[in-house]
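*Asks:* Structure supplied as query.cif; contents: mmCIF, C-alpha atoms.
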data_final
#
loop_
_atom_site.group_PDB
_atom_site.id
_atom_site.type_symbol
_atom_site.label_atom_id
_atom_site.label_comp_id
_atom_site.auth_asym_id
_atom_site.auth_seq_id
_atom_site.Cartn_x
_atom_site.Cartn_y
_atom_site.Cartn_z
ATOM 1 C CA MET R 1 7.663 39.912 44.058
ATOM 2 C CA ALA R 2 6.130 36.747 45.570
ATOM 3 C CA ILE R 3 2.753 37.627 44.089
ATOM 4 C CA ARG R 4 4.232 37.993 40.618
ATOM 5 C CA ARG R 5 5.914 34.584 40.764
ATOM 6 C CA THR R 6 2.667 32.981 41.885
ATOM 7 C CA GLY R 7 0.819 34.806 39.098
ATOM 8 C CA TRP R 8 3.266 33.590 36.467
ATOM 9 C CA ARG R 9 3.133 30.048 37.825
ATOM 10 C CA ALA R 10 -0.646 30.097 37.738
ATOM 11 C CA LEU R 11 -0.604 31.492 34.216
ATOM 12 C CA ALA R 12 1.938 28.896 33.094
ATOM 13 C CA ARG R 13 -0.157 26.132 34.660
ATOM 14 C CA ALA R 14 -3.318 27.462 32.971
ATOM 15 C CA VAL R 15 -1.574 27.526 29.570
ATOM 16 C CA GLU R 16 -0.311 23.981 30.154
ATOM 17 C CA CYS R 17 -3.845 22.798 31.017
ATOM 18 C CA LEU R 18 -5.272 24.475 27.901
ATOM 19 C CA ALA R 19 -2.616 22.839 25.720
ATOM 20 C CA ILE R 20 -3.396 19.411 27.175
ATOM 21 C CA ALA R 21 -7.134 20.000 26.742
ATOM 22 C CA ALA R 22 -6.588 21.000 23.106
ATOM 23 C CA LEU R 23 -4.591 17.826 22.436
ATOM 24 C CA VAL R 24 -7.233 15.628 24.030
ATOM 25 C CA ALA R 25 -10.169 17.389 22.360
ATOM 26 C CA SER R 26 -8.894 17.323 18.777
ATOM 27 C CA PRO R 27 -7.965 14.257 16.730
ATOM 28 C CA PRO R 28 -4.377 13.961 15.526
ATOM 29 C CA ALA R 29 -3.518 16.298 12.649
ATOM 30 C CA ARG R 30 -2.911 13.335 10.301
ATOM 31 C CA ALA R 31 -6.471 12.091 10.833
ATOM 32 C CA GLN R 32 -7.811 15.405 9.570
ATOM 33 C CA GLU R 33 -5.729 15.484 6.390
ATOM 34 C CA VAL R 34 -7.501 15.200 3.054
ATOM 35 C CA GLU R 35 -5.561 15.664 -0.159
ATOM 36 C CA GLN R 36 -6.750 15.427 -3.779
ATOM 37 C CA VAL R 37 -4.371 14.074 -6.436
ATOM 38 C CA TRP R 38 -4.504 12.514 -9.917
ATOM 39 C CA GLN R 39 -2.141 9.622 -9.135
ATOM 40 C CA VAL R 40 -1.070 7.782 -6.014
ATOM 41 C CA ASN R 41 1.992 5.749 -5.069
ATOM 42 C CA ILE R 42 1.028 2.408 -3.542
ATOM 43 C CA HIS R 43 3.960 0.322 -2.325
ATOM 44 C CA GLY R 44 6.289 1.907 -4.903
ATOM 45 C CA THR R 45 3.928 1.785 -7.894
ATOM 46 C CA TRP R 46 2.371 4.990 -9.247
ATOM 47 C CA MET R 47 -1.284 4.385 -10.075
ATOM 48 C CA SER R 48 -3.974 6.477 -11.752
ATOM 49 C CA CYS R 49 -7.361 5.820 -13.306
ATOM 50 C CA VAL R 50 -9.465 6.863 -16.305
ATOM 51 C CA SER R 51 -13.215 6.170 -16.313
ATOM 52 C CA PHE R 52 -15.242 4.366 -18.980
ATOM 53 C CA ASP R 53 -16.279 7.797 -20.332
ATOM 54 C CA ARG R 54 -12.574 8.769 -20.640
ATOM 55 C CA ARG R 55 -12.476 11.162 -17.682
ATOM 56 C CA ARG R 56 -9.505 11.301 -15.352
ATOM 57 C CA VAL R 57 -10.452 9.980 -11.926
ATOM 58 C CA LEU R 58 -9.630 12.261 -9.014
ATOM 59 C CA ILE R 59 -8.129 10.499 -5.991
ATOM 60 C CA GLU R 60 -8.852 11.799 -2.519
ATOM 61 C CA LEU R 61 -6.467 10.676 0.205
ATOM 62 C CA ASP R 62 -8.514 10.725 3.387
ATOM 63 C CA TYR R 63 -6.497 9.737 6.440
ATOM 64 C CA GLY R 64 -9.592 9.988 8.649
ATOM 65 C CA SER R 65 -11.632 7.390 6.771
ATOM 66 C CA GLU R 66 -12.029 3.968 8.364
ATOM 67 C CA ASP R 67 -12.515 2.281 4.975
ATOM 68 C CA VAL R 68 -9.772 1.149 2.639
ATOM 69 C CA GLY R 69 -11.547 3.150 -0.033
ATOM 70 C CA TYR R 70 -14.614 3.637 -2.172
ATOM 71 C CA ALA R 71 -15.613 4.974 -5.586
ATOM 72 C CA THR R 72 -18.079 7.802 -6.080
ATOM 73 C CA ARG R 73 -18.660 10.920 -8.180
ATOM 74 C CA LEU R 74 -18.568 14.573 -7.192
ATOM 75 C CA SER R 75 -21.655 16.737 -7.705
ATOM 76 C CA ASP R 76 -20.235 17.953 -11.049
ATOM 77 C CA GLY R 77 -19.872 14.341 -12.243
ATOM 78 C CA THR R 78 -16.111 14.081 -11.712
ATOM 79 C CA PRO R 79 -15.263 10.454 -10.913
ATOM 80 C CA LEU R 80 -13.600 10.123 -7.510
ATOM 81 C CA ILE R 81 -11.777 7.401 -5.590
ATOM 82 C CA VAL R 82 -11.433 7.995 -1.846
ATOM 83 C CA LEU R 83 -8.574 6.062 -0.217
ATOM 84 C CA ASN R 84 -7.100 5.975 3.261
ATOM 85 C CA PRO R 85 -3.372 5.488 2.517
ATOM 86 C CA ASP R 86 -2.664 4.272 6.053
ATOM 87 C CA VAL R 87 -5.212 1.456 5.707
ATOM 88 C CA VAL R 88 -4.165 0.642 2.123
ATOM 89 C CA GLU R 89 -0.470 0.442 3.061
ATOM 90 C CA SER R 90 -1.241 -2.016 5.872
ATOM 91 C CA PHE R 91 -1.753 -4.719 3.210
ATOM 92 C CA SER R 92 0.860 -6.549 1.138
ATOM 93 C CA PRO R 93 1.812 -4.748 -2.109
ATOM 94 C CA ALA R 94 -0.403 -6.925 -4.334
ATOM 95 C CA VAL R 95 -3.470 -6.612 -2.094
ATOM 96 C CA ALA R 96 -2.913 -2.873 -1.483
ATOM 97 C CA GLN R 97 -2.687 -2.227 -5.223
ATOM 98 C CA PHE R 98 -5.722 -4.447 -5.768
ATOM 99 C CA TRP R 99 -7.812 -2.124 -3.559
ATOM 100 C CA PHE R 100 -6.982 0.822 -5.816
ATOM 101 C CA VAL R 101 -7.613 -1.089 -9.057
ATOM 102 C CA HIS R 102 -10.890 -2.436 -7.597
ATOM 103 C CA GLU R 103 -12.141 1.123 -6.953
ATOM 104 C CA CYS R 104 -10.859 2.203 -10.361
ATOM 105 C CA GLY R 105 -12.796 -0.722 -11.831
ATOM 106 C CA HIS R 106 -16.028 0.825 -10.581
ATOM 107 C CA HIS R 107 -15.257 3.810 -12.835
ATOM 108 C CA ILE R 108 -13.935 1.769 -15.785
ATOM 109 C CA LEU R 109 -16.764 -0.753 -15.974
ATOM 110 C CA ALA R 110 -19.858 0.444 -17.810
ATOM 111 C CA PRO R 111 -22.676 1.133 -15.324
ATOM 112 C CA GLU R 112 -24.730 -1.873 -16.452
ATOM 113 C CA LEU R 113 -21.753 -4.194 -15.798
ATOM 114 C CA ASN R 114 -20.666 -2.613 -12.520
ATOM 115 C CA SER R 115 -20.910 -4.723 -9.368
ATOM 116 C CA GLU R 116 -18.598 -5.563 -6.476
ATOM 117 C CA THR R 117 -17.752 -9.013 -7.839
ATOM 118 C CA ALA R 118 -17.220 -7.573 -11.348
ATOM 119 C CA ALA R 119 -14.883 -4.898 -9.927
ATOM 120 C CA ASP R 120 -12.984 -7.595 -8.011
ATOM 121 C CA CYS R 121 -12.571 -9.719 -11.143
ATOM 122 C CA PHE R 122 -11.672 -6.708 -13.307
ATOM 123 C CA ALA R 123 -9.028 -5.586 -10.792
ATOM 124 C CA ILE R 124 -7.153 -8.860 -10.453
ATOM 125 C CA GLN R 125 -7.319 -9.644 -14.179
ATOM 126 C CA ASP R 126 -6.001 -6.168 -15.018
ATOM 127 C CA MET R 127 -3.165 -6.622 -12.523
ATOM 128 C CA VAL R 128 -2.257 -10.046 -13.959
ATOM 129 C CA ARG R 129 -2.344 -8.822 -17.573
ATOM 130 C CA ASN R 130 -0.132 -5.843 -16.686
ATOM 131 C CA GLY R 131 2.367 -7.969 -14.780
ATOM 132 C CA VAL R 132 1.566 -6.361 -11.423
ATOM 133 C CA ALA R 133 0.266 -9.601 -9.864
ATOM 134 C CA ARG R 134 1.848 -13.019 -10.240
ATOM 135 C CA ARG R 135 0.379 -16.397 -9.388
ATOM 136 C CA GLU R 136 2.062 -16.425 -5.958
ATOM 137 C CA ASP R 137 0.566 -12.987 -5.184
ATOM 138 C CA LEU R 138 -2.938 -14.391 -5.556
ATOM 139 C CA TYR R 139 -2.637 -16.444 -2.400
ATOM 140 C CA ALA R 140 -1.998 -13.352 -0.264
ATOM 141 C CA PHE R 141 -5.692 -12.607 -0.791
ATOM 142 C CA ARG R 142 -6.736 -15.741 1.071
ATOM 143 C CA GLU R 143 -4.819 -14.669 4.195
ATOM 144 C CA GLU R 144 -5.445 -10.937 4.046
ATOM 145 C CA MET R 145 -9.159 -11.078 3.270
ATOM 146 C CA ALA R 146 -10.168 -13.909 5.607
ATOM 147 C CA TRP R 147 -11.420 -11.479 8.272
ATOM 148 C CA LEU R 148 -13.582 -9.353 5.951
ATOM 149 C CA SER R 149 -17.333 -9.542 6.290
ATOM 150 C CA GLY R 150 -19.687 -9.263 3.365
ATOM 151 C CA SER R 151 -21.748 -6.139 2.760
ATOM 152 C CA PRO R 152 -25.197 -5.116 1.532
ATOM 153 C CA GLU R 153 -23.445 -3.475 -1.452
ATOM 154 C CA GLY R 154 -22.495 -6.933 -2.727
ATOM 155 C CA HIS R 155 -19.042 -7.604 -1.254
ATOM 156 C CA LEU R 156 -18.709 -11.328 -0.676
ATOM 157 C CA PRO R 157 -17.567 -12.453 2.795
ATOM 158 C CA GLY R 158 -13.761 -12.607 3.046
ATOM 159 C CA PRO R 159 -13.049 -16.284 2.311
ATOM 160 C CA GLN R 160 -15.519 -16.403 -0.611
ATOM 161 C CA ARG R 161 -14.265 -13.076 -1.927
ATOM 162 C CA ALA R 162 -10.651 -14.285 -1.816
ATOM 163 C CA SER R 163 -11.604 -17.504 -3.646
ATOM 164 C CA HIS R 164 -13.457 -15.486 -6.309
ATOM 165 C CA ILE R 165 -10.449 -13.174 -6.775
ATOM 166 C CA ILE R 166 -8.027 -16.113 -7.007
ATOM 167 C CA GLU R 167 -10.277 -17.820 -9.584
ATOM 168 C CA CYS R 168 -10.502 -14.638 -11.682
ATOM 169 C CA GLY R 169 -6.734 -14.149 -11.407
ATOM 170 C CA ASN R 170 -6.015 -17.726 -12.448
ATOM 171 C CA ASP R 171 -8.303 -17.284 -15.467
ATOM 172 C CA ALA R 172 -6.136 -14.350 -16.580
ATOM 173 C CA MET R 173 -2.807 -16.159 -16.095
ATOM 174 C CA PRO R 174 -0.994 -17.118 -19.282
ATOM 175 C CA LYS R 175 -1.518 -20.755 -20.016
ATOM 176 C CA THR R 176 1.728 -22.717 -20.026
ATOM 177 C CA ARG R 177 2.286 -25.267 -22.710
ATOM 178 C CA ILE R 178 2.849 -28.807 -21.534
ATOM 179 C CA ALA R 179 5.528 -30.742 -23.402
ATOM 180 C CA ARG R 180 4.412 -34.208 -24.413
ATOM 181 C CA LEU R 181 6.718 -37.194 -24.225
ATOM 182 C CA ASP R 182 7.117 -37.154 -28.009
ATOM 183 C CA GLY R 183 8.521 -33.603 -27.808
ATOM 184 C CA ARG R 184 5.516 -31.850 -29.332
ATOM 185 C CA GLN R 185 3.655 -29.232 -27.331
ATOM 186 C CA ARG R 186 -0.033 -29.304 -26.710
#
Will you turn the file into structure tokens for me?

*Replies:*
Amino acid sequence: MAIRRTGWRALARAVECLAIAALVASPPARAQEVEQVWQVNIHGTWMSCVSFDRRRVLIELDYGSEDVGYATRLSDGTPLIVLNPDVVESFSPAVAQFWFVHECGHHILAPELNSETAADCFAIQDMVRNGVARREDLYAFREEMAWLSGSPEGHLPGPQRASHIIECGNDAMPKTRIARLDGRQR
């Protein structure tokens, strides 16, 4: 009887060690998740994308990616946006939604017009025109992008990128009429 108890204890201990080793050796389940969808909810707003050649853009939610997101195409030509929802959701609603529209912009802009600064400008102007971003939202970019570095792909360094986005957003804002002292508007 004593041998059996020792055997069971040893077996239980071995199973416990294997379970701990498995937890340590594999990344968390969430980090391995990849899901493909046609629309995504970002801070309460459902968003989707259609490319310049009128194709629906597939969205891949990749929780293991370290990037906010990027635009690409599958081998069959299907336009694809890859997003890490955990990274996207760490930003304010306006900036989080901007990241999606920026990547969508890479698929909407004709190839000869497509660049990182063009996608930035397209994204914020689209958001302003559709009432998703207001003037006060623009200034969140200055704070939330300050730490970003530039990239060889053409992303401006954070402070310059934020200034560029704010300028593009202001250009898209409706112009308010100023009442003159004589009561007429100009």

*Asks:* Extract, using only C-alpha atoms, all DNA, RNA and protein residues at most 10 Å from segment 91-102 of chain R, discarding same-chain residues fewer than 6 positions from it, and format them as a PyMOL selection string.

*Replies:* chain R and resi 40-49+59+68-71+81-83+85+108+116-127+132-134+136-141+144-145+165

*Asks:* Between atom CA of Asp53 of chain R and atom CA of Ile166 of chain R, what is the distance, to one decimal in Å?

*Replies:*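 Here the two named atoms are 28.6 Å from each other.
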
*Asks:* List the residues selected by the PyMOL selection byres ((chain R and resi 78) around 10) in the file shown, writing them as a short mmCIF file (atom, residue, chain, number, x, y, z; two decimals) with C-alpha atoms, in the frame of the given file.

*Replies:*
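File written: part_34.cif
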data_model
loop_
_atom_site.label_atom_id
_atom_site.label_comp_id
_atom_site.auth_asym_id
_atom_site.auth_seq_id
_atom_site.Cartn_x
_atom_site.Cartn_y
_atom_site.Cartn_z
CA SER R 51 -13.22 6.17 -16.31
CA ARG R 55 -12.48 11.16 -17.68
CA ARG R 56 -9.51 11.30 -15.35
CA VAL R 57 -10.45 9.98 -11.93
CA LEU R 58 -9.63 12.26 -9.01
CA THR R 72 -18.08 7.80 -6.08
CA ARG R 73 -18.66 10.92 -8.18
CA LEU R 74 -18.57 14.57 -7.19
CA SER R 75 -21.66 16.74 -7.70
CA ASP R 76 -20.24 17.95 -11.05
CA GLY R 77 -19.87 14.34 -12.24
CA PRO R 79 -15.26 10.45 -10.91
CA LEU R 80 -13.60 10.12 -7.51
#

*Asks:* Find, counting only C-alpha atoms, the residue in R:Pro159, R:Gly64, R:Pro111, R:Gly169 that gets nearest to Val87 of chain R.

*Replies:* R:Gly64

*Asks:* To one decimal in Å, tell me the separation between atom CA of Glu89 of chain R and atom CA of Gln39 of chain R.

*Replies:*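 Between these atoms lies a distance of 15.4 Å.
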
*Asks:* Report as a PDB file with C-alpha atoms, in the coordinates of the input all protein, DNA and RNA residues lying within 12 Å of Glu153 of chain R, evaluated on only C-alpha atoms, omitting residues in the same chain fewer than 2 positions from it.

*Replies:*
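That gives us out.pdb:
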ATOM      1  CA  TYR R  70     -14.614   3.637  -2.172  1.00  0.00           C
ATOM      2  CA  ASN R 114     -20.666  -2.613 -12.520  1.00  0.00           C
ATOM      3  CA  SER R 115     -20.910  -4.723  -9.368  1.00  0.00           C
ATOM      4  CA  GLU R 116     -18.598  -5.563  -6.476  1.00  0.00           C
ATOM      5  CA  THR R 117     -17.752  -9.013  -7.839  1.00  0.00           C
ATOM      6  CA  SER R 149     -17.333  -9.542   6.290  1.00  0.00           C
ATOM      7  CA  GLY R 150     -19.687  -9.263   3.365  1.00  0.00           C
ATOM      8  CA  SER R 151     -21.748  -6.139   2.760  1.00  0.00           C
ATOM      9  CA  HIS R 155     -19.042  -7.604  -1.254  1.00  0.00           C
ATOM     10  CA  LEU R 156     -18.709 -11.328  -0.676  1.00  0.00           C
ATOM     11  CA  PRO R 157     -17.567 -12.453   2.795  1.00  0.00           C
TER      12      PRO R 157
END

*Asks:* Rounded to one decimal, what separation in Å do you get between atom CA of Val34 of chain R and atom CA of Asn84 of chain R?

*Replies:*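 Separation of atom CA of Val34 of chain R and atom CA of Asn84 of chain R: 9.2 Å.
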
*Asks:* Might I get the box with edges along x, y and z of the file that holds all atoms of segment 58-63 of chain R listed there, padded by 6 Å on every side, given as centre and edge lengths in Å to one decimal, as lines of an AutoDock Vina configuration file?

*Replies:*
center_x = -8.0
center_y = 11.0
center_z = -1.3
size_x = 15.2
size_y = 14.5
size_z = 27.5

*Asks:* Between R:Val37, R:Arg135, R:Glu143, R:Leu148, which has the minimum distance to Cys168 of chain R (counting all atoms listed in the file)?

*Replies:*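 The shortest atom-to-atom distance to Cys168 of chain R comes from R:Arg135.
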
*Asks:* Just segment 148-160 of chain R, please, as a tab-separated table (two decimals), in the first residue's frame (only N, CA and C atoms).

*Replies:*
chain	number	residue	atom	x	y	z
R	148	LEU	N	6.18	57.57	-31.47
R	148	LEU	CA	6.43	56.76	-32.67
R	148	LEU	C	7.70	57.21	-33.39
R	149	SER	N	8.41	56.23	-33.90
R	149	SER	CA	9.58	56.56	-34.72
R	149	SER	C	9.16	56.52	-36.18
R	150	GLY	N	9.93	57.09	-37.03
R	150	GLY	CA	9.65	57.01	-38.46
R	150	GLY	C	9.99	55.61	-38.96
R	151	SER	N	9.81	55.38	-40.25
R	151	SER	CA	10.14	54.07	-40.80
R	151	SER	C	10.66	54.22	-42.22
R	152	PRO	N	11.38	53.19	-42.69
R	152	PRO	CA	11.86	53.21	-44.08
R	152	PRO	C	10.71	53.20	-45.10
R	153	GLU	N	9.53	52.73	-44.66
R	153	GLU	CA	8.37	52.68	-45.56
R	153	GLU	C	7.77	54.06	-45.80
R	154	GLY	N	8.23	55.07	-45.05
R	154	GLY	CA	7.73	56.42	-45.27
R	154	GLY	C	6.91	57.00	-44.15
R	155	HIS	N	6.76	56.28	-43.02
R	155	HIS	CA	6.07	56.87	-41.87
R	155	HIS	C	6.93	58.00	-41.31
R	156	LEU	N	6.33	59.15	-41.13
R	156	LEU	CA	7.05	60.26	-40.51
R	156	LEU	C	7.26	59.95	-39.03
R	157	PRO	N	8.29	60.52	-38.40
R	157	PRO	CA	8.45	60.37	-36.95
R	157	PRO	C	7.22	60.94	-36.24
R	158	GLY	N	6.89	60.40	-35.09
R	158	GLY	CA	5.67	60.72	-34.36
R	158	GLY	C	5.23	62.17	-34.34
R	159	PRO	N	6.05	63.10	-33.83
R	159	PRO	CA	5.59	64.49	-33.76
R	159	PRO	C	5.27	65.09	-35.14
R	160	GLN	N	6.11	64.79	-36.14
R	160	GLN	CA	5.84	65.30	-37.49
R	160	GLN	C	4.61	64.63	-38.10
